[in-house]
Amino acid sequence: MNQLVNGEWRTETYEATDEEGAFQRGETTFRNWLAGSAIPDHVDAEPDERLQPEAGRYHLYVSYACPWAHRALLARSLLGLEDAISVSVVDPWRGEDGWQFTPEKAGCTPDHLHGADYMRELYVKADPDATCRVTVPVLWDKKEDTIVNNESREILRMLDTAFAGTDIGNDATLLPEAEDADDSDRAADGRFDAEGVARVDEAITDIYEPINNGVYRAGFAESQSAYDEAIDELFGALDRWNEELGERRYLVGDTLTEADICMFTTLIRFDHVYHTHFMCNVQQIHEYDHLWPYLRDLYTTADVAETVNLDHIKEHYYTTHPDVTPTRIVARGPDLEFAAPHDRDRFGGGPPAGIEDADRASAPAAEK
């Protein structure tokens with residue numbers, strides 16, 4: 001794979017599989033946190049007081065095709081941050097030069113901040129000696145003119161907690177709140193239930209390796225044993241969560257949380273690309289008794305559907321991985337009704353207050 005080496009773009013320098021042919025995802029490199037963020041226990045970092053949660057200060061670079069970037073788009077939309085955080089959308093097709101800006105293409109935008117042609121230019125602007133993969137999402141600080149963070153799980157948590165207690169957004173949250181929190185205790189350090197947040201973090205970790213990353217481990221495997229291991233873990237985890245979702249509405253209790261965001265961005269892509277393109281063909285999501293209505297429940301939550309662009313998703317996967325799909329032919333199906341009625345409300349609960357009844361514009365992120 002291609003990456004930056006000492007600020008220079010190199011091709012075929014990043015080895016994505018180990019000696020056994022198993023896919024190995026590289027680490028992200030920019031890991032700063034906004035002031036006021038509730039940093040998970042597993043992260044060794046502190047909020048940077050220079051990075052205050054201010055409306056209009058931050059910018060997201062995303063791809064509609066990418067499940068990791070989709071997490072950030074969903075948080076931005078669900079938390080009412082569209083007017084506070086601007087966004088640029090890259091081309092779903094990614095060639096030898098990496099993620100690029102193609103504003104004339106439907107659903108894409110120019111780089112609204114710097115007019116760059118490629119994402120790698122922004123990484124070099126942030127660090128002239130950068131040696132890293134060039135990925136999305138990227139959270140950019142307009143004031144300092146640099147990258148804050150390019151790790152999706154951390155950006156999700158920052159958007160969810162750094163703006164808590166401010167007048168920015170809709171005051172919703174995707175984390176369990178403390179029962180005794182009141183209006184004077186809305187900041188991140190007093191708003192959230194520590195045990196509930198720990199359960200959310202545990203669920204996010206539990207689904208990451210077998211499911212979120214598992215589809216990639218299957219698709220990019222270079223040995224039968226590596227593929228078989230990934231598939232066994234993937235469908236074992238899907239079976240587990242399908243069973244658990246037969247007993248409750250969401251992954252962690254009766255309220256939508258960050259864990260559901262992380263699950264959604266994989267499930268929404270599964271039947272259209274992972275099942276065929278990545279050979280995850282043991283079972284499709286729409287064949288599961290509980291995962292399928294769960295997915296429809298999430299999709300029909302306010303402002304979620306506007307973040308889904310299946311044209312970008314399918315073009316990216318089928319045309320960007322020639323080692324997997326050398327013909328670059330985009331598969332046609334399946335024809336799924338994500339907006340079809342579901343029965344998940346039988347469990348009670350629902351989206352957090354401030355999301356379901358939010359009375360605000362819901363234009364696609366690319367137009368904001």
# chains A, B, ... in the order shown; residues from 1 in each chain; ligands from 1
$ residues_around --residues "Pro326 (chain A)" --least-positions-apart "5" --cutoff "12 Å" --atoms "only C-alpha atoms" --output "MDAnalysis selection string"
chainID A and resid 277 317:321
$ write_last_selection --atoms "N, CA, C and O atoms" --output "compact mmCIF listing (two decimals), in the first residue's frame"
# COMPACT_ATOMS: atom_id res chain seq x y z
N HIS A 277 -17.57 -8.56 -2.34
CA HIS A 277 -16.22 -8.06 -2.62
C HIS A 277 -15.18 -8.66 -1.68
O HIS A 277 -14.08 -9.03 -2.10
N TYR A 317 -15.23 0.48 -3.13
CA TYR A 317 -14.74 -0.87 -2.87
C TYR A 317 -14.45 -1.63 -4.16
O TYR A 317 -13.40 -2.28 -4.29
N TYR A 318 -15.34 -1.57 -5.11
CA TYR A 318 -15.17 -2.40 -6.31
C TYR A 318 -14.14 -1.84 -7.29
O TYR A 318 -13.62 -2.58 -8.13
N THR A 319 -13.80 -0.56 -7.19
CA THR A 319 -12.84 0.02 -8.15
C THR A 319 -11.50 0.37 -7.54
O THR A 319 -10.56 0.67 -8.27
N THR A 320 -11.39 0.32 -6.22
CA THR A 320 -10.17 0.80 -5.55
C THR A 320 -9.24 -0.33 -5.10
O THR A 320 -8.09 -0.09 -4.79
N HIS A 321 -9.74 -1.56 -5.09
CA HIS A 321 -8.94 -2.69 -4.62
C HIS A 321 -8.70 -3.67 -5.77
O HIS A 321 -9.31 -4.74 -5.82
$ residues_around --residues "Asp97 (chain A)" --least-positions-apart "2" --cutoff "9 Å" --atoms "only C-alpha atoms" --output "list in words"
Asn2, Trp9, Arg10, Thr11, Arg94, Gly95, Trp99, Gln100, Tyr118 and Arg120 of chain A
$ closest_residue --among "A:Leu60, A:Leu4, A:Val89, A:Met158" --to "Pro40 (chain A)" --atoms "only C-alpha atoms"
A:Met158
$ closest_residue --among "A:Val43, A:Val330, A:Leu73, A:Leu81" --to "Ser152 (chain A)" --atoms "only C-alpha atoms"
A:Leu73
$ closest_residue --among "A:Trp33, A:Leu291, A:Asp117, A:Thr161" --to "Gly190 (chain A)" --atoms "only C-alpha atoms"
A:Thr161
$ closest_residue --among "A:Val62, A:Ile147, A:Leu238, A:Ile268" --to "Val308 (chain A)" --atoms "only C-alpha atoms"
A:Ile268
$ closest_residue --among "A:Tyr250, A:Phe192, A:Lys314, A:Glu49" --to "Asp271 (chain A)" --atoms "only C-alpha atoms"
A:Lys314
$ residues_around --residues "Tyr64 (chain A)" --least-positions-apart "6" --cutoff "9 Å" --atoms "only C-alpha atoms" --output "PyMOL selection string"
chain A and resi 70+73+89-92+107-108+307-310+312-313
$ write_last_selection --atoms "C-alpha atoms" --output "PDB file, in the first residue's frame"
ATOM      1  CA  HIS A  70     -18.851   7.589   8.358  1.00  0.00           C
ATOM      2  CA  LEU A  73     -20.279  12.125   9.797  1.00  0.00           C
ATOM      3  CA  VAL A  89     -15.738  15.109   0.920  1.00  0.00           C
ATOM      4  CA  VAL A  90     -13.135  13.243  -1.136  1.00  0.00           C
ATOM      5  CA  ASP A  91     -13.670  11.180  -4.274  1.00  0.00           C
ATOM      6  CA  PRO A  92     -14.765   7.598  -3.509  1.00  0.00           C
ATOM      7  CA  GLY A 107     -21.466  13.977  -3.792  1.00  0.00           C
ATOM      8  CA  CYS A 108     -17.869  15.252  -3.690  1.00  0.00           C
ATOM      9  CA  THR A 307     -25.094  10.274   5.696  1.00  0.00           C
ATOM     10  CA  VAL A 308     -25.376   7.081   3.599  1.00  0.00           C
ATOM     11  CA  ASN A 309     -24.210   7.212  -0.030  1.00  0.00           C
ATOM     12  CA  LEU A 310     -24.360   3.716  -1.510  1.00  0.00           C
ATOM     13  CA  HIS A 312     -19.873   6.139  -3.266  1.00  0.00           C
ATOM     14  CA  ILE A 313     -19.626   3.002  -1.132  1.00  0.00           C
TER      15      ILE A 313
END
$ atom_distance --atom1 "CA of Gly165 (chain A)" --atom2 "CA of Pro351 (chain A)"
19.3 Å
$ select_by_dssp --residues "region 115-357 of chain A" --states "alpha helix (DSSP H)" --output "ChimeraX atom specification"
/A:119-126,152-161,188-191,194-207,214-219,224-244,258-269,275-277,291-299,310-320
$ residues_around --residues "Asn170 (chain A)" --least-positions-apart "5" --cutoff "8 Å" --atoms "only C-alpha atoms" --output "PDB file with C-alpha atoms, in the first residue's frame"
ATOM      1  CA  LEU A  79     -25.354  15.802  17.615  1.00  0.00           C
ATOM      2  CA  GLY A  80     -26.489  18.824  15.607  1.00  0.00           C
ATOM      3  CA  LEU A  81     -22.966  19.982  14.759  1.00  0.00           C
ATOM      4  CA  GLY A 354     -32.472  15.837  21.355  1.00  0.00           C
ATOM      5  CA  ILE A 355     -31.970  13.539  18.370  1.00  0.00           C
ATOM      6  CA  ALA A 358     -34.523  17.610  16.515  1.00  0.00           C
TER       7      ALA A 358
END
$ residues_around --residues "Glu258 (chain A)" --least-positions-apart "6" --cutoff "10 Å" --atoms "only C-alpha atoms" --output "ChimeraX atom specification"
/A:71,74-75,153,156-157,160,173-176,197,200-201,203-204,251-252,264
$ write_last_selection --atoms "C-alpha atoms" --output "PDB file, in the first residue's frame"
ATOM      1  CA  ARG A  71     -18.617   7.417  12.147  1.00  0.00           C
ATOM      2  CA  LEU A  74     -22.928  10.391  11.878  1.00  0.00           C
ATOM      3  CA  ALA A  75     -21.774  12.063  15.095  1.00  0.00           C
ATOM      4  CA  ARG A 153     -13.060   6.244  17.421  1.00  0.00           C
ATOM      5  CA  LEU A 156     -16.394  10.176  17.587  1.00  0.00           C
ATOM      6  CA  ARG A 157     -15.776  10.528  21.330  1.00  0.00           C
ATOM      7  CA  ASP A 160     -19.771  13.515  21.580  1.00  0.00           C
ATOM      8  CA  THR A 173     -25.222  12.601  23.721  1.00  0.00           C
ATOM      9  CA  LEU A 174     -24.386   9.098  22.522  1.00  0.00           C
ATOM     10  CA  LEU A 175     -23.167   7.992  25.945  1.00  0.00           C
ATOM     11  CA  PRO A 176     -25.114   6.949  29.057  1.00  0.00           C
ATOM     12  CA  VAL A 197     -19.566   4.530  29.424  1.00  0.00           C
ATOM     13  CA  VAL A 200     -20.104   1.278  25.632  1.00  0.00           C
ATOM     14  CA  ASP A 201     -16.320   1.206  25.336  1.00  0.00           C
ATOM     15  CA  ALA A 203     -18.885  -3.060  23.167  1.00  0.00           C
ATOM     16  CA  ILE A 204     -16.933  -0.890  20.721  1.00  0.00           C
ATOM     17  CA  LEU A 251     -26.009  -2.982  21.697  1.00  0.00           C
ATOM     18  CA  VAL A 252     -25.820  -1.419  25.154  1.00  0.00           C
ATOM     19  CA  PHE A 264     -23.974   0.628  11.831  1.00  0.00           C
TER      20      PHE A 264
END
$ closest_residue --among "A:Glu315, A:Asp254, A:Glu54, A:Asp343" --to "Tyr294 (chain A)" --atoms "only C-alpha atoms"
A:Asp343
$ select_by_dssp --residues "region 126-300 of chain A" --states "strand (DSSP E or B)" --output "ChimeraX atom specification"
/A:132,138-141,146-149,177,192,250,253,255
$ residues_around --residues "Val87 (chain A)" --least-positions-apart "5" --cutoff "12 Å" --atoms "only C-alpha atoms" --output "VMD selection string"
chain A and resid 56 to 64 69 72 to 73 76 to 77 81 to 82 108 to 113 136 to 142 364 to 368
$ write_last_selection --atoms "N, CA, C and O atoms" --output "compact mmCIF listing (two decimals), in the first residue's frame"
# COMPACT_ATOMS: atom_id res chain seq x y z
N GLY A 56 -17.35 26.69 14.40
CA GLY A 56 -16.67 27.23 13.24
C GLY A 56 -15.17 27.02 13.21
O GLY A 56 -14.52 27.35 12.21
N ARG A 57 -14.61 26.46 14.27
CA ARG A 57 -13.15 26.31 14.34
C ARG A 57 -12.66 25.04 13.66
O ARG A 57 -11.54 25.01 13.13
N TYR A 58 -13.47 23.99 13.64
CA TYR A 58 -13.00 22.68 13.19
C TYR A 58 -13.65 22.26 11.87
O TYR A 58 -14.75 22.68 11.53
N HIS A 59 -12.93 21.41 11.17
CA HIS A 59 -13.35 20.97 9.83
C HIS A 59 -13.09 19.47 9.72
O HIS A 59 -12.06 18.98 10.19
N LEU A 60 -14.03 18.75 9.13
CA LEU A 60 -13.86 17.32 8.91
C LEU A 60 -13.55 17.03 7.45
O LEU A 60 -14.20 17.58 6.54
N TYR A 61 -12.57 16.19 7.23
CA TYR A 61 -12.31 15.61 5.90
C TYR A 61 -12.79 14.17 5.95
O TYR A 61 -12.36 13.39 6.81
N VAL A 62 -13.69 13.83 5.02
CA VAL A 62 -14.32 12.52 5.07
C VAL A 62 -14.46 11.93 3.67
O VAL A 62 -14.31 12.61 2.66
N SER A 63 -14.80 10.66 3.66
CA SER A 63 -15.28 9.96 2.46
C SER A 63 -16.59 9.31 2.82
O SER A 63 -16.70 8.65 3.86
N TYR A 64 -17.61 9.48 1.98
CA TYR A 64 -18.87 8.77 2.20
C TYR A 64 -18.66 7.26 2.09
O TYR A 64 -19.45 6.48 2.64
N ALA A 69 -14.73 7.03 8.42
CA ALA A 69 -15.15 8.43 8.26
C ALA A 69 -16.64 8.58 8.51
O ALA A 69 -17.10 9.62 9.01
N ALA A 72 -17.67 9.65 11.98
CA ALA A 72 -17.59 11.08 12.28
C ALA A 72 -18.76 11.84 11.66
O ALA A 72 -19.31 12.75 12.28
N LEU A 73 -19.13 11.48 10.44
CA LEU A 73 -20.28 12.12 9.80
C LEU A 73 -21.55 11.90 10.60
O LEU A 73 -22.38 12.82 10.76
N ARG A 76 -21.50 14.06 13.78
CA ARG A 76 -21.75 15.45 13.39
C ARG A 76 -23.23 15.70 13.14
O ARG A 76 -23.79 16.71 13.57
N SER A 77 -23.88 14.77 12.46
CA SER A 77 -25.29 14.91 12.12
C SER A 77 -26.18 14.71 13.35
O SER A 77 -27.05 15.54 13.65
N LEU A 81 -24.19 19.19 14.91
CA LEU A 81 -22.97 19.98 14.76
C LEU A 81 -22.70 20.41 13.32
O LEU A 81 -21.60 20.87 13.01
N GLU A 82 -23.69 20.28 12.44
CA GLU A 82 -23.46 20.59 11.03
C GLU A 82 -23.03 22.04 10.82
O GLU A 82 -22.18 22.33 9.98
N CYS A 108 -19.21 14.85 -4.11
CA CYS A 108 -17.87 15.25 -3.69
C CYS A 108 -17.78 16.77 -3.57
O CYS A 108 -18.62 17.50 -4.10
N THR A 109 -16.76 17.23 -2.88
CA THR A 109 -16.54 18.66 -2.73
C THR A 109 -15.08 18.99 -3.00
O THR A 109 -14.23 18.09 -3.00
N PRO A 110 -14.76 20.26 -3.21
CA PRO A 110 -13.35 20.65 -3.17
C PRO A 110 -12.84 20.62 -1.73
O PRO A 110 -13.62 20.45 -0.79
N ASP A 111 -11.55 20.77 -1.57
CA ASP A 111 -11.00 21.02 -0.24
C ASP A 111 -11.35 22.46 0.09
O ASP A 111 -10.74 23.39 -0.43
N HIS A 112 -12.33 22.63 0.96
CA HIS A 112 -12.85 23.97 1.23
C HIS A 112 -11.84 24.87 1.94
O HIS A 112 -11.99 26.10 1.89
N LEU A 113 -10.86 24.30 2.59
CA LEU A 113 -9.92 25.11 3.36
C LEU A 113 -8.69 25.53 2.59
O LEU A 113 -8.26 26.68 2.66
N VAL A 136 -8.83 8.87 6.13
CA VAL A 136 -9.94 9.70 6.61
C VAL A 136 -10.71 8.87 7.63
O VAL A 136 -10.68 7.63 7.56
N PRO A 137 -11.34 9.52 8.61
CA PRO A 137 -11.56 10.95 8.72
C PRO A 137 -10.35 11.69 9.28
O PRO A 137 -9.48 11.09 9.91
N VAL A 138 -10.35 13.00 9.04
CA VAL A 138 -9.38 13.90 9.63
C VAL A 138 -10.15 15.05 10.26
O VAL A 138 -11.02 15.65 9.61
N LEU A 139 -9.86 15.33 11.52
CA LEU A 139 -10.40 16.51 12.18
C LEU A 139 -9.33 17.60 12.13
O LEU A 139 -8.24 17.43 12.67
N TRP A 140 -9.64 18.70 11.47
CA TRP A 140 -8.68 19.78 11.22
C TRP A 140 -9.04 21.00 12.07
O TRP A 140 -10.21 21.37 12.19
N ASP A 141 -8.01 21.63 12.63
CA ASP A 141 -8.17 22.85 13.41
C ASP A 141 -7.85 24.04 12.52
O ASP A 141 -6.70 24.23 12.11
N LYS A 142 -8.85 24.84 12.19
CA LYS A 142 -8.64 26.00 11.32
C LYS A 142 -7.76 27.05 11.99
O LYS A 142 -7.00 27.76 11.32
N PRO A 364 -27.73 16.91 3.16
CA PRO A 364 -26.55 16.04 3.13
C PRO A 364 -25.29 16.79 3.54
O PRO A 364 -25.14 17.98 3.27
N ALA A 365 -24.38 16.07 4.20
CA ALA A 365 -23.18 16.71 4.73
C ALA A 365 -22.38 17.40 3.66
O ALA A 365 -21.73 18.41 3.91
N ALA A 366 -22.37 16.90 2.44
CA ALA A 366 -21.56 17.48 1.38
C ALA A 366 -22.03 18.87 1.01
O ALA A 366 -21.30 19.63 0.38
N GLU A 367 -23.25 19.24 1.41
CA GLU A 367 -23.78 20.54 1.06
C GLU A 367 -23.64 21.54 2.18
O GLU A 367 -24.02 22.70 2.04
N LYS A 368 -23.15 21.09 3.32
CA LYS A 368 -23.04 21.97 4.47
C LYS A 368 -21.71 22.72 4.46
O LYS A 368 -20.70 22.15 4.11
$ residues_around --residues "Gly253 (chain A)" --least-positions-apart "5" --cutoff "12 Å" --atoms "only C-alpha atoms" --output "ChimeraX atom specification"
/A:175-176,196-197,199-200,203,244-248,259-260,347-352
$ atom_distance --atom1 "CA of His114 (chain A)" --atom2 "CA of Glu154 (chain A)"
24.2 Å
$ atom_distance --atom1 "CA of Pro341 (chain A)" --atom2 "CA of Ala302 (chain A)"
14.3 Å
$ decode --residues "region 140-153 of chain A" --atoms "all heavy atoms" --output "JSON list (two decimals), in the first residue's frame"
[["chain", "number", "residue", "atom", "x", "y", "z"],
["A", 140, "TRP", "N", -9.64, 18.70, 11.47],
["A", 140, "TRP", "CA", -8.68, 19.78, 11.22],
["A", 140, "TRP", "C", -9.04, 21.00, 12.07],
["A", 140, "TRP", "O", -10.21, 21.37, 12.19],
["A", 140, "TRP", "CB", -8.70, 20.16, 9.74],
["A", 140, "TRP", "CG", -7.64, 21.15, 9.35],
["A", 140, "TRP", "CD1", -7.68, 22.50, 9.47],
["A", 140, "TRP", "CD2", -6.36, 20.85, 8.80],
["A", 140, "TRP", "NE1", -6.51, 23.07, 9.02],
["A", 140, "TRP", "CE2", -5.69, 22.08, 8.60],
["A", 140, "TRP", "CE3", -5.73, 19.66, 8.42],
["A", 140, "TRP", "CZ2", -4.41, 22.15, 8.05],
["A", 140, "TRP", "CZ3", -4.45, 19.73, 7.88],
["A", 140, "TRP", "CH2", -3.80, 20.96, 7.70],
["A", 141, "ASP", "N", -8.01, 21.63, 12.63],
["A", 141, "ASP", "CA", -8.17, 22.85, 13.41],
["A", 141, "ASP", "C", -7.85, 24.04, 12.52],
["A", 141, "ASP", "O", -6.70, 24.23, 12.11],
["A", 141, "ASP", "CB", -7.24, 22.82, 14.62],
["A", 141, "ASP", "CG", -7.34, 24.06, 15.49],
["A", 141, "ASP", "OD1", -8.20, 24.93, 15.22],
["A", 141, "ASP", "OD2", -6.56, 24.16, 16.46],
["A", 142, "LYS", "N", -8.85, 24.84, 12.19],
["A", 142, "LYS", "CA", -8.64, 26.00, 11.32],
["A", 142, "LYS", "C", -7.76, 27.05, 11.99],
["A", 142, "LYS", "O", -7.00, 27.76, 11.32],
["A", 142, "LYS", "CB", -9.98, 26.63, 10.93],
["A", 142, "LYS", "CG", -10.94, 25.71, 10.19],
["A", 142, "LYS", "CD", -12.26, 26.43, 9.94],
["A", 142, "LYS", "CE", -13.32, 25.52, 9.39],
["A", 142, "LYS", "NZ", -14.62, 26.21, 9.21],
["A", 143, "LYS", "N", -7.89, 27.18, 13.30],
["A", 143, "LYS", "CA", -7.14, 28.21, 14.03],
["A", 143, "LYS", "C", -5.65, 27.90, 14.04],
["A", 143, "LYS", "O", -4.82, 28.77, 13.74],
["A", 143, "LYS", "CB", -7.67, 28.31, 15.45],
["A", 143, "LYS", "CG", -7.01, 29.42, 16.28],
["A", 143, "LYS", "CD", -7.68, 29.52, 17.64],
["A", 143, "LYS", "CE", -7.06, 30.63, 18.49],
["A", 143, "LYS", "NZ", -7.74, 30.74, 19.82],
["A", 144, "GLU", "N", -5.28, 26.69, 14.36],
["A", 144, "GLU", "CA", -3.88, 26.28, 14.38],
["A", 144, "GLU", "C", -3.41, 25.80, 13.01],
["A", 144, "GLU", "O", -2.21, 25.58, 12.81],
["A", 144, "GLU", "CB", -3.67, 25.17, 15.41],
["A", 144, "GLU", "CG", -4.00, 25.55, 16.85],
["A", 144, "GLU", "CD", -3.05, 26.60, 17.40],
["A", 144, "GLU", "OE1", -1.90, 26.67, 16.91],
["A", 144, "GLU", "OE2", -3.45, 27.34, 18.31],
["A", 145, "ASP", "N", -4.34, 25.61, 12.10],
["A", 145, "ASP", "CA", -4.07, 25.17, 10.73],
["A", 145, "ASP", "C", -3.29, 23.85, 10.71],
["A", 145, "ASP", "O", -2.23, 23.73, 10.08],
["A", 145, "ASP", "CB", -3.29, 26.26, 9.96],
["A", 145, "ASP", "CG", -3.48, 26.13, 8.44],
["A", 145, "ASP", "OD1", -4.48, 25.53, 8.02],
["A", 145, "ASP", "OD2", -2.62, 26.62, 7.69],
["A", 146, "THR", "N", -3.85, 22.87, 11.39],
["A", 146, "THR", "CA", -3.19, 21.58, 11.46],
["A", 146, "THR", "C", -4.20, 20.48, 11.78],
["A", 146, "THR", "O", -5.36, 20.76, 12.11],
["A", 146, "THR", "CB", -2.08, 21.59, 12.53],
["A", 146, "THR", "OG1", -1.26, 20.43, 12.37],
["A", 146, "THR", "CG2", -2.65, 21.64, 13.94],
["A", 147, "ILE", "N", -3.75, 19.24, 11.70],
["A", 147, "ILE", "CA", -4.59, 18.10, 12.04],
["A", 147, "ILE", "C", -4.67, 17.95, 13.56],
["A", 147, "ILE", "O", -3.65, 17.97, 14.25],
["A", 147, "ILE", "CB", -4.04, 16.80, 11.41],
["A", 147, "ILE", "CG1", -4.11, 16.88, 9.88],
["A", 147, "ILE", "CG2", -4.81, 15.58, 11.91],
["A", 147, "ILE", "CD1", -3.46, 15.70, 9.18],
["A", 148, "VAL", "N", -5.88, 17.77, 14.06],
["A", 148, "VAL", "CA", -6.07, 17.45, 15.47],
["A", 148, "VAL", "C", -5.95, 15.95, 15.66],
["A", 148, "VAL", "O", -5.18, 15.47, 16.50],
["A", 148, "VAL", "CB", -7.45, 17.93, 15.96],
["A", 148, "VAL", "CG1", -7.69, 17.48, 17.41],
["A", 148, "VAL", "CG2", -7.57, 19.44, 15.85],
["A", 149, "ASN", "N", -6.70, 15.19, 14.86],
["A", 149, "ASN", "CA", -6.79, 13.75, 15.09],
["A", 149, "ASN", "C", -7.26, 13.06, 13.81],
["A", 149, "ASN", "O", -8.04, 13.64, 13.05],
["A", 149, "ASN", "CB", -7.78, 13.48, 16.24],
["A", 149, "ASN", "CG", -7.66, 12.10, 16.84],
["A", 149, "ASN", "OD1", -7.88, 11.11, 16.15],
["A", 149, "ASN", "ND2", -7.33, 12.02, 18.11],
["A", 150, "ASN", "N", -6.77, 11.85, 13.56],
["A", 150, "ASN", "CA", -7.25, 11.08, 12.42],
["A", 150, "ASN", "C", -7.65, 9.65, 12.80],
["A", 150, "ASN", "O", -7.66, 8.76, 11.98],
["A", 150, "ASN", "CB", -6.22, 11.06, 11.28],
["A", 150, "ASN", "CG", -4.97, 10.25, 11.60],
["A", 150, "ASN", "OD1", -4.61, 10.09, 12.78],
["A", 150, "ASN", "ND2", -4.30, 9.75, 10.58],
["A", 151, "GLU", "N", -8.01, 9.47, 14.07],
["A", 151, "GLU", "CA", -8.49, 8.18, 14.57],
["A", 151, "GLU", "C", -10.01, 8.27, 14.76],
["A", 151, "GLU", "O", -10.50, 9.04, 15.60],
["A", 151, "GLU", "CB", -7.79, 7.81, 15.87],
["A", 151, "GLU", "CG", -8.38, 6.62, 16.61],
["A", 151, "GLU", "CD", -8.49, 5.39, 15.74],
["A", 151, "GLU", "OE1", -7.47, 5.02, 15.11],
["A", 151, "GLU", "OE2", -9.59, 4.81, 15.68],
["A", 152, "SER", "N", -10.77, 7.48, 14.02],
["A", 152, "SER", "CA", -12.22, 7.64, 13.99],
["A", 152, "SER", "C", -12.87, 7.47, 15.35],
["A", 152, "SER", "O", -13.79, 8.22, 15.71],
["A", 152, "SER", "CB", -12.83, 6.66, 12.98],
["A", 152, "SER", "OG", -12.65, 5.31, 13.40],
["A", 153, "ARG", "N", -12.44, 6.48, 16.11],
["A", 153, "ARG", "CA", -13.06, 6.24, 17.42],
["A", 153, "ARG", "C", -12.84, 7.44, 18.35],
["A", 153, "ARG", "O", -13.73, 7.80, 19.12],
["A", 153, "ARG", "CB", -12.49, 4.96, 18.03],
["A", 153, "ARG", "CG", -13.07, 4.61, 19.39],
["A", 153, "ARG", "CD", -12.61, 3.24, 19.85],
["A", 153, "ARG", "NE", -13.09, 2.92, 21.20],
["A", 153, "ARG", "CZ", -12.90, 1.77, 21.81],
["A", 153, "ARG", "NH1", -12.22, 0.80, 21.21],
["A", 153, "ARG", "NH2", -13.37, 1.56, 23.03]]
